[in-house]
Amino acid sequence: MDEIRVLSPTAILGYGFPVASFEEGLRREPHVIAVDGGSTDPGPYYLGAGKSFTQRQAVKRDLELLIKAALDRRIPLIIGTAGGSGARPHVEWTWEIVEDILNETRQSASVAVIFSDVPKALIVEMIKQGRTSTCGPLEGLTPEVVAAASHVVAQMGVEPFIKALQAGADIILAGRAYDPAAFAALPIMRGFDAGLALHMGKILECAAIAAVPGSGSDCLFGRLQKDSFILEALNPARQCTEMSVAAHTLYEKSDPYLLPGPGGTLDLNSTKFRALPGGRVEVSGTRLVPTPTFTVKLEGARAIGFRTISIAGVRDPIMIDQIDSILAAVRQRVQDNFAELKDYFLQFRCYGKNGVMGDLEPTPNPGHELGIVIECVAESQEVANTICGFARSTLLHHGYPGRKSTAGNLAFPYSPSDFPAGEVFEFCVHHLMELDDPAEIFSMEWRVVK
Amino acid sequence: MRYVRDAAAVIRSKNAGPFELTFDLMFTDKAAYDEVRHSITPERIAELYRIPVAHVLKIVHFEPALAVKITIVRPMASGALGETDVYGAQQHAPLFELTY
């Protein structure tokens with residue numbers, strides 16, 4: 001085999017893709033269809049709560065097309081980081097959709113479901129053995145942090161995918177995976193260069209984001225050969241350029257030359273990007289440098305309380321001039337009124353001043369109107385509702401020096417004015433852990449639909 | 001004195017994982033890239049964002065994309081209490097004021 005072809009339909013399962021682009025990709029006879037389901041970008045809530053950030057109907061629409069295309073052609077469909085965060089509830093949520101589609105369309109398939117949840121006891125043991133480390137600017141991992149996390153997942157590499165492919169899976173539904181792994185597994189299994197396969201996967205996982213004009217909801221096609229890979233956008237409105245593909249290599253990374261992953265680091269110091277006719281780009285020179293020990297990245301989030309928010313606008317220039325002192329006075333009044341409640345977080349965000357950048361804002365000068373989001377996070381929804389509601393009513397009627405607008409200080413766009421936003425999570429685990437076996441902790445289940 | 005924003009085709013910010021914030025400046029011609037890249041120092045970024053110099057983790061020149069990449073410590077973990085920008089996608093505007 002001198003070439004292996006990989007079709008990436010969309011940047012995230014559920015983000016959609018034009019059918020015409022997908023069919024164009026199928027005409028090129030891919031050996032595998034692979035799609036990434038996840039990201040930590042939407043924040044800690046989704047991992048912590050076990051919820052998907054994509055909607056069921058959108059995911060189902062994409063999966064219907066992908067499953068039919070893969071089963072008709074007898075090529076594997078590989079889904080990485082199912083349900084957005086890849087913990088067990090996310091995988092099961094996606095599985096239910098897959099199962100519904102197979103039953104509704106009377107298609108049969110062997111589905112390998114691979115979980116990425118890491119037993120907490122194992123992590124604690126690894127902490128004891130000194131086999132965990134930080135990954136970025138945060139504290140070392142402790143057993144307390146692990147215990148507090150609602151879900152801890154590890155990013156699997158290609159190895160669990162290869163196991164499932166070798167066992168004949170029609171569909172692989174995986175938990176949290178290193179983004180390129182779903183795309184690189186079949187090429188690596190067939191003996192193609194791992195560095196090139198993973199680099200190609202790194203670009204394919206975001207689909208047409210690496211083309212111009214970029215899109216998170218359109219397809220990208222990759223051909224991996226012996227010494228290089230070629231990328232092609234499948235929509236005539238887009239093309240890959242040296243610049244767009246190289247630029248994508250920077251995306252969401254801190255260092256584009258060295259990209260660490262499970263078991264090794266991609267070294268791009270000798271990578272070349274070369275434009276080919278037809279809006280295609282050839283990439284060569286990327287190498288995989290294996291690390292002495294096999295490490296995976298762990299991700300975990302913990303619950304920290306419940307949130308309530310209230311949204312209001314201010315247009316009064318006298319009030320806007322004094323907004324900082326007014327908000328400080330309101331905060332004091334809330335504190336005095338609920339002296340027994342200490343453990344809550346209360347914040348007034350001022351859009352039109354520094355709502356977007358907070359402390360990083362170099363020019364915190366208010367505009368002619370301000371959008372204020374009052375937010376409380378507390379141990380229960382009831383306390384959050386109480387504090388947020390009290391802060392809102394206090395700010396509404398607060399008398400400040402020189403006030404002329406004595407009927408009310410806030411413009412509310414909604415009734416009710418306050419929104420209980422539910423449980424709040426924070427990332428607490430973002431660390432590296434060594435593994436003795438790259439596949440062992442990722443348990444696999446076979447689910448056959450006939 | 002010229003503004004980097006007039007020479008750069010792309011000025012953007014984004015999370016690089018939940019604990020780091022990364023900025024990309026990309027240029028369309030090599031001359032502008034070469035002229036600008038050495039004027040972007042940790043000290044200037046620290047001053048612009050009012051953060052300690054030690055929080056500027058890395059400045060990388062990536063010639064294949066004619067790009068300068070700057071990575072800083074995120075003011076807080078993505079989505080932590082007090083968060084203003086979960087994706088980190090709107091933290092780039094101060095770079096418009098960068099000169100060379």
# chains A, B, ... in the order shown; residues from 1 in each chain; ligands from 1
call {"tool": "select_by_dssp", "arguments": {"residues": "region 235-278 of chain A", "states": "alpha helix (DSSP H)", "output": "PyMOL selection string"}}
result
chain A and resi 242-250
call {"tool": "residues_around", "arguments": {"residues": "Leu95 (chain B)", "least_positions_apart": "6", "cutoff": "8 Å", "atoms": "only C-alpha atoms", "output": "PyMOL selection string"}}
result
chain B and resi 4-5+11+48
call {"tool": "interface_residues", "arguments": {"of": "chain A", "to": "chain B", "cutoff": "9 Å", "atoms": "only C-alpha atoms", "output": "count of residues only"}}
result
47
call {"tool": "closest_residue", "arguments": {"among": "A:Glu282, A:Asp193, A:Glu232, A:Asp336", "to": "Ala211 (chain A)", "atoms": "only C-alpha atoms"}}
result
A:Glu232
call {"tool": "residues_around", "arguments": {"residues": "region 150-156 of chain A", "least_positions_apart": "6", "cutoff": "7 Å", "atoms": "only C-alpha atoms", "output": "MDAnalysis selection string"}}
result
chainID A and resid 47:48 87 116:118 176:178 262 296:302
call {"tool": "write_last_selection", "arguments": {"atoms": "C-alpha atoms", "output": "PDB file, in the first residue's frame"}}
result
ATOM      1  CA  LEU A  47     -16.421  17.385  31.708  1.00  0.00           C
ATOM      2  CA  GLY A  48     -17.465  18.016  35.296  1.00  0.00           C
ATOM      3  CA  ALA A  87     -15.943  10.588  30.179  1.00  0.00           C
ATOM      4  CA  SER A 116     -10.944   6.688  29.089  1.00  0.00           C
ATOM      5  CA  ASP A 117     -12.034   7.128  32.710  1.00  0.00           C
ATOM      6  CA  VAL A 118      -9.075   6.537  35.002  1.00  0.00           C
ATOM      7  CA  ARG A 176     -11.125  11.100  25.680  1.00  0.00           C
ATOM      8  CA  ALA A 177      -8.448  10.769  23.024  1.00  0.00           C
ATOM      9  CA  TYR A 178      -5.447  12.801  21.949  1.00  0.00           C
ATOM     10  CA  PRO A 262       0.944  10.396  24.478  1.00  0.00           C
ATOM     11  CA  VAL A 296      -0.801  10.474  29.056  1.00  0.00           C
ATOM     12  CA  LYS A 297      -2.517  13.717  29.914  1.00  0.00           C
ATOM     13  CA  LEU A 298      -5.178  13.536  32.608  1.00  0.00           C
ATOM     14  CA  GLU A 299      -8.111  15.928  32.693  1.00  0.00           C
ATOM     15  CA  GLY A 300     -10.528  16.393  35.546  1.00  0.00           C
ATOM     16  CA  ALA A 301     -13.027  18.892  36.866  1.00  0.00           C
ATOM     17  CA  ARG A 302     -14.687  19.291  40.257  1.00  0.00           C
TER      18      ARG A 302
END
call {"tool": "residues_around", "arguments": {"residues": "Thr81 (chain A)", "least_positions_apart": "4", "cutoff": "6 Å", "atoms": "only C-alpha atoms", "output": "ChimeraX atom specification"}}
result
/A:37-38,85-86,174-177
call {"tool": "residues_around", "arguments": {"residues": "Gln335 (chain A)", "least_positions_apart": "4", "cutoff": "12 Å", "atoms": "only C-alpha atoms", "output": "list in words"}}
result
Ala328, Ala329, Val330, Arg331, Ala339, Glu340, Leu341, Lys342, Asp343, Tyr344, Phe345, Leu346, Ile387, Cys388, Phe390, Ala391 and Thr394 of chain A
call {"tool": "residues_around", "arguments": {"residues": "Ala378 (chain A)", "least_positions_apart": "6", "cutoff": "6 Å", "atoms": "only C-alpha atoms", "output": "list in words"}}
result
Gly305, Phe306, Tyr344 and Ala384 of chain A
call {"tool": "write_last_selection", "arguments": {"atoms": "C-alpha atoms", "output": "mmCIF file, in the first residue's frame"}}
result
data_model
loop_
_atom_site.group_PDB
_atom_site.id
_atom_site.type_symbol
_atom_site.label_atom_id
_atom_site.label_comp_id
_atom_site.auth_asym_id
_atom_site.auth_seq_id
_atom_site.Cartn_x
_atom_site.Cartn_y
_atom_site.Cartn_z
ATOM 1 C CA GLY A 305 -21.130 25.308 43.831
ATOM 2 C CA PHE A 306 -24.167 26.721 42.064
ATOM 3 C CA TYR A 344 -20.105 32.868 48.432
ATOM 4 C CA ALA A 384 -26.863 31.775 45.020
#
call {"tool": "residues_around", "arguments": {"residues": "Ile12 (chain A)", "least_positions_apart": "5", "cutoff": "12 Å", "atoms": "only C-alpha atoms", "output": "count of residues only"}}
result
36
call {"tool": "select_by_dssp", "arguments": {"residues": "region 121-185 of chain A", "states": "strand (DSSP E)", "output": "number ranges by chain"}}
result
A: 132-134, 149-154, 171-174
call {"tool": "write_last_selection", "arguments": {"atoms": "N, CA, C and O atoms", "output": "PDB file, in the first residue's frame"}}
result
ATOM      1  N   THR A 132       3.446  11.188  38.424  1.00  0.00           N
ATOM      2  CA  THR A 132       2.607  12.223  37.807  1.00  0.00           C
ATOM      3  C   THR A 132       3.408  13.509  37.796  1.00  0.00           C
ATOM      4  O   THR A 132       4.330  13.684  38.587  1.00  0.00           O
ATOM      5  N   SER A 133       3.069  14.408  36.885  1.00  0.00           N
ATOM      6  CA  SER A 133       3.766  15.693  36.839  1.00  0.00           C
ATOM      7  C   SER A 133       2.827  16.750  36.288  1.00  0.00           C
ATOM      8  O   SER A 133       1.774  16.434  35.739  1.00  0.00           O
ATOM      9  N   THR A 134       3.217  18.003  36.458  1.00  0.00           N
ATOM     10  CA  THR A 134       2.351  19.086  35.971  1.00  0.00           C
ATOM     11  C   THR A 134       2.509  19.246  34.473  1.00  0.00           C
ATOM     12  O   THR A 134       3.493  18.814  33.875  1.00  0.00           O
ATOM     13  N   ALA A 149     -12.511  15.411  42.169  1.00  0.00           N
ATOM     14  CA  ALA A 149     -12.927  15.505  40.759  1.00  0.00           C
ATOM     15  C   ALA A 149     -14.137  14.610  40.493  1.00  0.00           C
ATOM     16  O   ALA A 149     -14.216  13.489  40.997  1.00  0.00           O
ATOM     17  N   SER A 150     -15.099  15.121  39.716  1.00  0.00           N
ATOM     18  CA  SER A 150     -16.260  14.288  39.404  1.00  0.00           C
ATOM     19  C   SER A 150     -15.920  13.273  38.312  1.00  0.00           C
ATOM     20  O   SER A 150     -16.437  12.165  38.310  1.00  0.00           O
ATOM     21  N   HIS A 151     -15.081  13.665  37.371  1.00  0.00           N
ATOM     22  CA  HIS A 151     -14.612  12.732  36.343  1.00  0.00           C
ATOM     23  C   HIS A 151     -13.144  13.012  36.076  1.00  0.00           C
ATOM     24  O   HIS A 151     -12.764  14.166  35.985  1.00  0.00           O
ATOM     25  N   VAL A 152     -12.351  11.959  35.963  1.00  0.00           N
ATOM     26  CA  VAL A 152     -10.972  12.133  35.496  1.00  0.00           C
ATOM     27  C   VAL A 152     -10.784  11.222  34.291  1.00  0.00           C
ATOM     28  O   VAL A 152     -11.036  10.017  34.361  1.00  0.00           O
ATOM     29  N   VAL A 153     -10.390  11.813  33.184  1.00  0.00           N
ATOM     30  CA  VAL A 153     -10.148  11.030  31.970  1.00  0.00           C
ATOM     31  C   VAL A 153      -8.693  11.178  31.561  1.00  0.00           C
ATOM     32  O   VAL A 153      -8.024  12.138  31.950  1.00  0.00           O
ATOM     33  N   ALA A 154      -8.211  10.214  30.789  1.00  0.00           N
ATOM     34  CA  ALA A 154      -6.867  10.291  30.232  1.00  0.00           C
ATOM     35  C   ALA A 154      -6.986  10.330  28.716  1.00  0.00           C
ATOM     36  O   ALA A 154      -7.867   9.690  28.139  1.00  0.00           O
ATOM     37  N   ILE A 171     -17.177   0.313  13.826  1.00  0.00           N
ATOM     38  CA  ILE A 171     -17.237   1.666  14.379  1.00  0.00           C
ATOM     39  C   ILE A 171     -16.454   1.642  15.692  1.00  0.00           C
ATOM     40  O   ILE A 171     -16.595   0.712  16.484  1.00  0.00           O
ATOM     41  N   ILE A 172     -15.623   2.656  15.899  1.00  0.00           N
ATOM     42  CA  ILE A 172     -14.956   2.802  17.195  1.00  0.00           C
ATOM     43  C   ILE A 172     -15.494   4.066  17.834  1.00  0.00           C
ATOM     44  O   ILE A 172     -15.469   5.146  17.233  1.00  0.00           O
ATOM     45  N   LEU A 173     -15.987   3.896  19.038  1.00  0.00           N
ATOM     46  CA  LEU A 173     -16.532   5.019  19.781  1.00  0.00           C
ATOM     47  C   LEU A 173     -15.653   5.162  21.014  1.00  0.00           C
ATOM     48  O   LEU A 173     -15.690   4.325  21.916  1.00  0.00           O
ATOM     49  N   ALA A 174     -14.825   6.193  21.022  1.00  0.00           N
ATOM     50  CA  ALA A 174     -13.816   6.295  22.075  1.00  0.00           C
ATOM     51  C   ALA A 174     -14.105   7.452  23.011  1.00  0.00           C
ATOM     52  O   ALA A 174     -14.655   8.479  22.623  1.00  0.00           O
TER      53      ALA A 174
END
call {"tool": "atom_distance", "arguments": {"atom1": "CA of Gln107 (chain A)", "atom2": "CA of Lys163 (chain A)"}}
result
23.5 Å
call {"tool": "atom_distance", "arguments": {"atom1": "CA of Leu258 (chain A)", "atom2": "CA of Cys135 (chain A)"}}
result
14.1 Å
